[in-house]
Amino acid sequence: MRLFTLLLASFFAVVILRNPLSAQYSYISQIGTTSTSGSGDGFFEQPNGIAIDSQGDVYIADRNNERVQKFSSTGAFVRKWGSSGTGNGQFSANNGAVDIAIDSDDNIYVLDRGNHRVQKFDSTGTFLSSFGSPGTGNGQFNQPTGIAINNGDTIYIGDRLNERVQAFSSSGVFLFKWGGTAGSGNGQFASNNGPVDLDFDADGNVFVVDRGNHRVQKFTRTGSFLGSFGSSGSGSSNFNQPNGIVVSPSGDLLIADRNNSRVSIWDDNSNVFSNSTTFGSSGTGNSQFNPTSGAVALAFTPEGDLWVIDRGNHRVQLFDGPALASPVSASISSQTNVTCNGENTGSLTVTASDGTAPFTYNWSNGTSSATAGSLAAGTYTVTVTDNTGTTATTSATITEGTALNPGSVSTN
C-alpha cells in the first residue's frame with residue numbers, strides 16, 4: 001500500500017507516521033484542518049459526502065459551503081464548484097450538497113437535499129442535468145440524504161423524510177421504490193431519520209443505513225428484504241446514529257458510526273452478520289472523530305485505502321486499508337499435442353497465479369482439475385476461479401498429425 005503525502009500548504013495537515021488502530025486500518029494523513037472550518041480552497045464547513053472516480057480523484061460534498069471540492073488522489077486541491085441558491089449548479093443554503101455518487105463515465109451526481117433534487121455534473125463541474133422535486137410521488141423527494149450508483153448505473157436514493165428508497169436510470173427516469181412506511185419492522189425506516197446512505201455488495205444487493213433505528217438493512221437490488229444488523233448502544237455490535245456505509249474490496253461492510261465516533265467493520269456470511277472490529281475514538285487527534293458529528297461518510301480508493309469524513313472536525317482522514325490481493329491470472333503451462341491423426345492423446349495443464357488460493361478449474365470439456373487429458377484435436381477453454389470468486393480464462397488449441405493417404409502409394 002503506497003504512502004500518500006499531502007502538499008505542504010496552510011490548509012493541509014500532513015502526517016506520515018502510521019499509528020496502528022486495529023489489525024486492518026492505520027492513519028496516513030488528512031485533508032482539512034482539525035476543528036477549523038472555512039471557505040477557502042481545501043477548507044470545509046460540515047463536509048458530508050464523498051466519492052472516488054476511476055482515476056482516484058476525490059470529490060467531497062462541502063455541505064455548509066454549498067459546493068463540491070475536488071482533490072487529487074494525494075489530497076491536492078484541484079477545483080470547486082457551487083454556490084447558494086436554486087439554479088443549475090447551486091445548492092440549498094446549509095443543507096444542499098450532502099452526498100455524491102459517480103457513474104461508469106465518471107459523471108458526478110450530487111444530492112441537493114434542501115432543494116429536493118439530484119444534480120449531475122461532469123468531472124470538471126460543468127452542469128449537465130437535474131431531476132427531482134419536492135413531494136411524495138414517484139420521482140419526488142423529501143430531504144433526500146444518501147445516493148449510490150451500482151455497476152449497471154442504476155441510481156439509488158435514500159429519500160429520508162419519505163422513509164423510502166427510490167431507484168432511477170442514469171438519466172433520472174424513475175424505475176421503482178420500496179419502503180415508504182415509518183417503523184422499525186423489516187423493510188421499514190425510522191420516521192424522519194431513516195435511509196441516509198447506501199452501498200452494494202458484489203451480487204448487487206443493497207445495504208441501507210437506517211439511522212434512527214440504529215441499524216443497517218440489506219435488500220435485493222429490487223427491494224426485497226434480506227436481513228438487518230445493529231441496535232442502539234455503544235457496544236461493538238451497536239450503533240449510535242450511524243450515517244455512512246461502504247463495502248470494501250474484500251466484501252467487508254464498513255459503517256460510519258457517527259455518534260460513537262468510530263468506524264465499525266462487519267462480515268456478511270449469507271445474510272448472517274457479525275462484527276469483527278471497530279476503530280476510532282472521540283477527539284481531534286489522528287484517527288479520532290468528533291463526538292457528536294464525526295465519522296459520517298466513507299469511500300475506498302482504487303488501491304484499497306479508506307477516506308473517512310470527520311464532519312464536526314471539518315476534515316477528511318485517510319487510512320491505510322488491508323493489502324489487496326492481485327487478480328487471479330491463468331496460463332497454459334504444459335501442452336501435449338496428438339501425434340497420430342484421430343487419437344485422443346493430447347493434454348493441457350493450466351497454472352493459476354496471484355489471486356487467493358485455493359483455485360477451482362472448469363474446462364470446456366468438463367474437466368475440473370488443473371490438467372485436462374485424453375484430448376482430441378481442437379480448442380479448449382478453461383476458467384480458473386480463486387477463493388474470492390475472481391475468475392480468469394485462457395484457451396489453447398491441440399493439434400494432430402497429418403492423416404496418411406493410402407491412395408498416394410503406388411506400385412509398378
# chains A, B, ... in the order shown; residues from 1 in each chain; ligands from 1

call {"tool": "select_by_dssp", "arguments": {"residues": "stretch 98-178 of chain A", "states": "helix (DSSP H, G or I)", "output": "list in words"}}
result
Arg113, Gly114, Asn115, Arg160, Leu161 and Asn162 of chain A

call {"tool": "write_last_selection", "arguments": {"atoms": "all heavy atoms", "output": "PDB file, in the first residue's frame"}}
result
ATOM      1  N   ARG A 113     -30.026  18.391  -1.046  1.00  0.00           N
ATOM      2  CA  ARG A 113     -31.103  17.967  -0.145  1.00  0.00           C
ATOM      3  C   ARG A 113     -32.186  19.013   0.054  1.00  0.00           C
ATOM      4  O   ARG A 113     -33.373  18.734  -0.076  1.00  0.00           O
ATOM      5  CB  ARG A 113     -30.524  17.545   1.207  1.00  0.00           C
ATOM      6  CG  ARG A 113     -31.568  16.951   2.147  1.00  0.00           C
ATOM      7  CD  ARG A 113     -30.922  16.258   3.331  1.00  0.00           C
ATOM      8  NE  ARG A 113     -30.290  17.181   4.250  1.00  0.00           N
ATOM      9  CZ  ARG A 113     -29.520  16.792   5.272  1.00  0.00           C
ATOM     10  NH1 ARG A 113     -29.269  15.514   5.467  1.00  0.00           N
ATOM     11  NH2 ARG A 113     -28.981  17.683   6.077  1.00  0.00           N
ATOM     12  N   GLY A 114     -31.794  20.228   0.377  1.00  0.00           N
ATOM     13  CA  GLY A 114     -32.780  21.255   0.665  1.00  0.00           C
ATOM     14  C   GLY A 114     -33.601  21.658  -0.544  1.00  0.00           C
ATOM     15  O   GLY A 114     -34.723  22.154  -0.412  1.00  0.00           O
ATOM     16  N   ASN A 115     -33.056  21.426  -1.745  1.00  0.00           N
ATOM     17  CA  ASN A 115     -33.801  21.684  -2.974  1.00  0.00           C
ATOM     18  C   ASN A 115     -34.485  20.428  -3.505  1.00  0.00           C
ATOM     19  O   ASN A 115     -35.062  20.462  -4.604  1.00  0.00           O
ATOM     20  CB  ASN A 115     -32.876  22.271  -4.052  1.00  0.00           C
ATOM     21  CG  ASN A 115     -32.496  23.723  -3.775  1.00  0.00           C
ATOM     22  OD1 ASN A 115     -33.311  24.496  -3.270  1.00  0.00           O
ATOM     23  ND2 ASN A 115     -31.262  24.095  -4.092  1.00  0.00           N
ATOM     24  N   ARG A 160     -35.046  10.331   2.635  1.00  0.00           N
ATOM     25  CA  ARG A 160     -35.084  10.202   4.090  1.00  0.00           C
ATOM     26  C   ARG A 160     -36.437  10.502   4.722  1.00  0.00           C
ATOM     27  O   ARG A 160     -36.996   9.671   5.434  1.00  0.00           O
ATOM     28  CB  ARG A 160     -34.017  11.111   4.725  1.00  0.00           C
ATOM     29  CG  ARG A 160     -33.835  10.859   6.202  1.00  0.00           C
ATOM     30  CD  ARG A 160     -32.834  11.805   6.813  1.00  0.00           C
ATOM     31  NE  ARG A 160     -33.251  13.186   6.713  1.00  0.00           N
ATOM     32  CZ  ARG A 160     -32.831  14.162   7.521  1.00  0.00           C
ATOM     33  NH1 ARG A 160     -31.981  13.902   8.483  1.00  0.00           N
ATOM     34  NH2 ARG A 160     -33.248  15.388   7.353  1.00  0.00           N
ATOM     35  N   LEU A 161     -36.991  11.672   4.486  1.00  0.00           N
ATOM     36  CA  LEU A 161     -38.233  12.031   5.173  1.00  0.00           C
ATOM     37  C   LEU A 161     -39.466  11.394   4.534  1.00  0.00           C
ATOM     38  O   LEU A 161     -40.567  11.498   5.087  1.00  0.00           O
ATOM     39  CB  LEU A 161     -38.390  13.559   5.243  1.00  0.00           C
ATOM     40  CG  LEU A 161     -37.302  14.314   6.004  1.00  0.00           C
ATOM     41  CD1 LEU A 161     -37.772  15.721   6.338  1.00  0.00           C
ATOM     42  CD2 LEU A 161     -36.857  13.607   7.259  1.00  0.00           C
ATOM     43  N   ASN A 162     -39.295  10.725   3.408  1.00  0.00           N
ATOM     44  CA  ASN A 162     -40.359   9.890   2.862  1.00  0.00           C
ATOM     45  C   ASN A 162     -40.185   8.429   3.277  1.00  0.00           C
ATOM     46  O   ASN A 162     -40.957   7.573   2.825  1.00  0.00           O
ATOM     47  CB  ASN A 162     -40.413   9.995   1.331  1.00  0.00           C
ATOM     48  CG  ASN A 162     -41.125  11.254   0.857  1.00  0.00           C
ATOM     49  OD1 ASN A 162     -42.066  11.720   1.482  1.00  0.00           O
ATOM     50  ND2 ASN A 162     -40.673  11.809  -0.261  1.00  0.00           N
TER      51      ASN A 162
END

call {"tool": "closest_atom_pairs", "arguments": {"of": "stretch 66-137 of chain A", "to": "stretch 50-59 of chain A", "cutoff": "7 Å", "atoms": "only C-alpha atoms", "output": "CSV"}}
result
residue,atom,partner,partner_atom,distance
A:Val68,CA,A:Tyr59,CA,6.7
A:Gln69,CA,A:Tyr59,CA,5.8
A:Lys70,CA,A:Tyr59,CA,4.6
A:Phe71,CA,A:Val58,CA,5.0
A:Ser72,CA,A:Asp57,CA,4.6
A:Ser73,CA,A:Asp57,CA,4.9
A:Asp99,CA,A:Ile50,CA,6.5
A:Ile100,CA,A:Ile50,CA,5.7
A:Ala101,CA,A:Ala51,CA,5.7
A:Ile102,CA,A:Asp53,CA,6.5
A:Asp106,CA,A:Asp53,CA,5.9

call {"tool": "write_last_selection", "arguments": {"atoms": "C-alpha atoms", "output": "mmCIF file, in the first residue's frame"}}
result
data_model
loop_
_atom_site.group_PDB
_atom_site.id
_atom_site.type_symbol
_atom_site.label_atom_id
_atom_site.label_comp_id
_atom_site.auth_asym_id
_atom_site.auth_seq_id
_atom_site.Cartn_x
_atom_site.Cartn_y
_atom_site.Cartn_z
ATOM 1 C CA VAL A 68 -18.273 20.419 -4.200
ATOM 2 C CA GLN A 69 -14.491 20.282 -3.883
ATOM 3 C CA LYS A 70 -12.295 18.014 -5.987
ATOM 4 C CA PHE A 71 -8.876 16.746 -4.882
ATOM 5 C CA SER A 72 -6.248 14.560 -6.463
ATOM 6 C CA SER A 73 -5.587 11.081 -5.076
ATOM 7 C CA ASP A 99 -23.827 13.251 -0.774
ATOM 8 C CA ILE A 100 -22.061 12.288 -4.011
ATOM 9 C CA ALA A 101 -22.013 9.285 -6.349
ATOM 10 C CA ILE A 102 -20.133 8.646 -9.611
ATOM 11 C CA ASP A 106 -17.124 9.485 -14.181
#

call {"tool": "atom_distance", "arguments": {"atom1": "atom CA of A:Gly355", "atom2": "atom CA of A:Gln317"}}
result
29.4 Å

call {"tool": "closest_residue", "arguments": {"among": "A:Asp103, A:Thr301, A:Phe121, A:Leu128", "to": "A:Gly152", "atoms": "only C-alpha atoms"}}
result
A:Asp103

call {"tool": "residues_around", "arguments": {"residues": "stretch 377-390 of chain A", "least_positions_apart": "6", "cutoff": "7 Å", "atoms": "only C-alpha atoms", "output": "JSON, numbers by chain"}}
result
{"A": [327, 328, 330, 338, 355, 356, 357, 358, 359, 360, 361, 362, 363, 364, 396, 397, 398, 399, 400]}

call {"tool": "residues_around", "arguments": {"residues": "A:Thr36", "least_positions_apart": "2", "cutoff": "12 Å", "atoms": "only C-alpha atoms", "output": "ChimeraX atom specification"}}
result
/A:10-13,31-34,38-40,42-46,284,310-315

call {"tool": "write_last_selection", "arguments": {"atoms": "C-alpha atoms", "output": "PDB file, in the first residue's frame"}}
result
ATOM      1  CA  SER A  10      -1.729  26.135   5.136  1.00  0.00           C
ATOM      2  CA  PHE A  11      -4.982  24.271   4.602  1.00  0.00           C
ATOM      3  CA  PHE A  12      -3.460  20.772   4.833  1.00  0.00           C
ATOM      4  CA  ALA A  13      -2.306  18.981   7.932  1.00  0.00           C
ATOM      5  CA  ILE A  31      -7.341  16.970   4.105  1.00  0.00           C
ATOM      6  CA  GLY A  32      -8.571  19.976   6.074  1.00  0.00           C
ATOM      7  CA  THR A  33      -7.507  21.499   9.348  1.00  0.00           C
ATOM      8  CA  THR A  34      -8.664  19.901  12.570  1.00  0.00           C
ATOM      9  CA  GLY A  38     -13.508  27.792   6.465  1.00  0.00           C
ATOM     10  CA  SER A  39     -14.472  28.608   2.903  1.00  0.00           C
ATOM     11  CA  GLY A  40     -11.035  28.732   1.291  1.00  0.00           C
ATOM     12  CA  GLY A  42      -9.206  22.869   0.913  1.00  0.00           C
ATOM     13  CA  PHE A  43     -11.211  24.060   3.911  1.00  0.00           C
ATOM     14  CA  PHE A  44     -14.613  22.619   4.839  1.00  0.00           C
ATOM     15  CA  GLU A  45     -17.772  23.624   6.647  1.00  0.00           C
ATOM     16  CA  GLN A  46     -19.530  20.424   7.741  1.00  0.00           C
ATOM     17  CA  THR A 284      -9.467  15.765  17.357  1.00  0.00           C
ATOM     18  CA  ASP A 310     -14.914  13.611  10.082  1.00  0.00           C
ATOM     19  CA  ARG A 311     -17.664  16.197   9.711  1.00  0.00           C
ATOM     20  CA  GLY A 312     -17.578  18.042  13.036  1.00  0.00           C
ATOM     21  CA  ASN A 313     -13.800  18.358  12.797  1.00  0.00           C
ATOM     22  CA  HIS A 314     -14.122  19.739   9.236  1.00  0.00           C
ATOM     23  CA  ARG A 315     -11.670  17.300   7.726  1.00  0.00           C
TER      24      ARG A 315
END

call {"tool": "select_by_dssp", "arguments": {"residues": "stretch 117-360 of chain A", "states": "strand (DSSP E)", "output": "ChimeraX atom specification"}}
result
/A:117-121,127-131,144-149,155-159,164-168,174-179,195-200,206-210,215-219,225-229,242-247,253-257,262-269,272-279,281-282,288-289,295-300,306-310,315-320,329-336,346-353,360

call {"tool": "write_last_selection", "arguments": {"atoms": "C-alpha atoms", "output": "short mmCIF file (atom, residue, chain, number, x, y, z; two decimals), in the first residue's frame"}}
result
data_model
loop_
_atom_site.label_atom_id
_atom_site.label_comp_id
_atom_site.auth_asym_id
_atom_site.auth_seq_id
_atom_site.Cartn_x
_atom_site.Cartn_y
_atom_site.Cartn_z
CA ARG A 117 -33.25 17.14 -6.22
CA VAL A 118 -30.19 15.47 -7.77
CA GLN A 119 -27.78 17.44 -9.95
CA LYS A 120 -25.46 15.83 -12.49
CA PHE A 121 -22.06 17.27 -13.48
CA PHE A 127 -23.69 21.20 -15.03
CA LEU A 128 -25.36 18.53 -17.19
CA SER A 129 -28.86 17.94 -15.86
CA SER A 130 -31.02 17.50 -12.76
CA PHE A 131 -34.07 15.58 -11.62
CA PRO A 144 -33.01 13.06 0.22
CA THR A 145 -29.82 12.23 2.07
CA GLY A 146 -27.99 9.24 0.51
CA ILE A 147 -27.10 8.33 -3.08
CA ALA A 148 -25.29 5.36 -4.61
CA ILE A 149 -24.87 4.01 -8.15
CA ILE A 155 -29.11 5.31 -9.16
CA TYR A 156 -30.46 4.53 -5.68
CA ILE A 157 -31.50 7.39 -3.39
CA GLY A 158 -32.31 7.35 0.31
CA ASP A 159 -35.42 9.55 0.39
CA ARG A 164 -38.11 5.02 1.40
CA VAL A 165 -35.55 4.18 -1.27
CA GLN A 166 -36.11 5.18 -4.90
CA ALA A 167 -34.25 3.89 -7.96
CA PHE A 168 -33.65 5.78 -11.21
CA PHE A 174 -37.98 6.76 -12.06
CA LEU A 175 -37.76 2.95 -12.01
CA PHE A 176 -39.10 1.60 -8.69
CA LYS A 177 -39.18 2.18 -4.94
CA TRP A 178 -39.56 0.39 -1.61
CA GLY A 179 -40.31 1.39 1.95
CA PRO A 195 -32.44 5.82 4.94
CA VAL A 196 -29.33 8.04 4.93
CA ASP A 197 -26.74 6.07 2.93
CA LEU A 198 -26.45 3.04 0.64
CA ASP A 199 -23.93 0.71 -0.98
CA PHE A 200 -23.84 -2.60 -2.87
CA VAL A 206 -28.30 -3.06 -1.44
CA PHE A 207 -27.28 -2.12 2.11
CA VAL A 208 -29.22 0.83 3.53
CA VAL A 209 -28.29 2.70 6.72
CA ASP A 210 -31.49 3.15 8.78
CA ARG A 215 -29.20 -0.46 12.13
CA VAL A 216 -28.35 -1.45 8.56
CA GLN A 217 -30.85 -3.30 6.38
CA LYS A 218 -29.99 -5.49 3.39
CA PHE A 219 -32.22 -5.82 0.31
CA PHE A 225 -35.77 -7.60 2.43
CA LEU A 226 -32.89 -9.99 3.18
CA GLY A 227 -31.71 -9.16 6.70
CA SER A 228 -30.50 -6.49 9.11
CA PHE A 229 -27.92 -5.92 11.82
CA PRO A 242 -24.94 5.52 12.01
CA ASN A 243 -24.55 7.70 8.96
CA GLY A 244 -22.50 6.10 6.17
CA ILE A 245 -21.65 2.71 4.69
CA VAL A 246 -19.20 1.32 2.16
CA VAL A 247 -18.48 -2.23 1.06
CA LEU A 253 -19.07 -3.81 5.49
CA LEU A 254 -17.72 -0.58 6.99
CA ILE A 255 -20.19 1.69 8.77
CA ALA A 256 -19.56 5.28 9.89
CA ASP A 257 -20.95 5.07 13.44
CA ARG A 262 -15.79 5.30 15.16
CA VAL A 263 -15.91 3.06 12.11
CA SER A 264 -17.46 -0.36 12.62
CA ILE A 265 -16.48 -3.34 10.44
CA TRP A 266 -18.88 -6.22 9.81
CA ASP A 267 -18.92 -9.52 7.93
CA ASP A 268 -21.84 -10.81 5.88
CA ASN A 269 -21.96 -14.60 5.72
CA VAL A 272 -25.73 -13.73 8.90
CA PHE A 273 -23.94 -10.62 10.11
CA SER A 274 -21.15 -10.36 12.68
CA ASN A 275 -18.98 -7.52 13.95
CA SER A 276 -15.25 -8.11 13.53
CA THR A 277 -13.68 -4.90 14.83
CA THR A 278 -14.04 -1.14 15.22
CA PHE A 279 -11.56 1.69 15.09
CA SER A 281 -12.41 7.28 19.32
CA SER A 282 -13.71 10.69 20.32
CA GLN A 288 -10.20 10.30 16.23
CA PHE A 289 -13.63 11.66 15.28
CA ALA A 295 -17.49 9.73 11.05
CA VAL A 296 -20.30 10.32 8.55
CA ALA A 297 -19.16 9.02 5.15
CA LEU A 298 -16.57 6.64 3.69
CA ALA A 299 -15.02 5.77 0.32
CA PHE A 300 -12.28 3.42 -0.88
CA LEU A 306 -10.04 4.41 3.03
CA TRP A 307 -11.16 8.04 3.20
CA VAL A 308 -13.44 8.91 6.15
CA ILE A 309 -15.24 12.25 6.54
CA ASP A 310 -14.91 13.61 10.08
CA ARG A 315 -11.67 17.30 7.73
CA VAL A 316 -11.29 14.03 5.80
CA GLN A 317 -8.93 11.39 7.15
CA LEU A 318 -7.12 8.78 5.07
CA PHE A 319 -6.42 5.28 6.39
CA ASP A 320 -4.20 2.53 5.00
CA SER A 329 -4.39 -14.95 -13.70
CA ALA A 330 -4.19 -18.17 -15.69
CA SER A 331 -1.79 -19.51 -18.31
CA ILE A 332 -1.25 -22.81 -20.12
CA SER A 333 1.96 -24.20 -18.65
CA SER A 334 2.08 -27.58 -20.41
CA GLN A 335 0.70 -28.87 -23.71
CA THR A 336 0.89 -32.25 -25.42
CA GLY A 346 -3.46 -34.69 -26.06
CA SER A 347 -3.31 -32.87 -22.73
CA LEU A 348 -3.26 -29.34 -21.34
CA THR A 349 -2.25 -28.02 -17.92
CA VAL A 350 -3.22 -24.59 -16.62
CA THR A 351 -1.31 -22.74 -13.90
CA ALA A 352 -3.06 -20.16 -11.70
CA SER A 353 -1.10 -17.28 -10.22
CA THR A 360 -11.10 -24.31 -8.93
#

call {"tool": "closest_residue", "arguments": {"among": "A:Arg79, A:Gly230, A:Gly139, A:Pro47", "to": "A:Thr124", "atoms": "only C-alpha atoms"}}
result
A:Arg79

call {"tool": "atom_distance", "arguments": {"atom1": "atom CA of A:Ser170", "atom2": "atom CA of A:Asn150"}}
result
10.4 Å
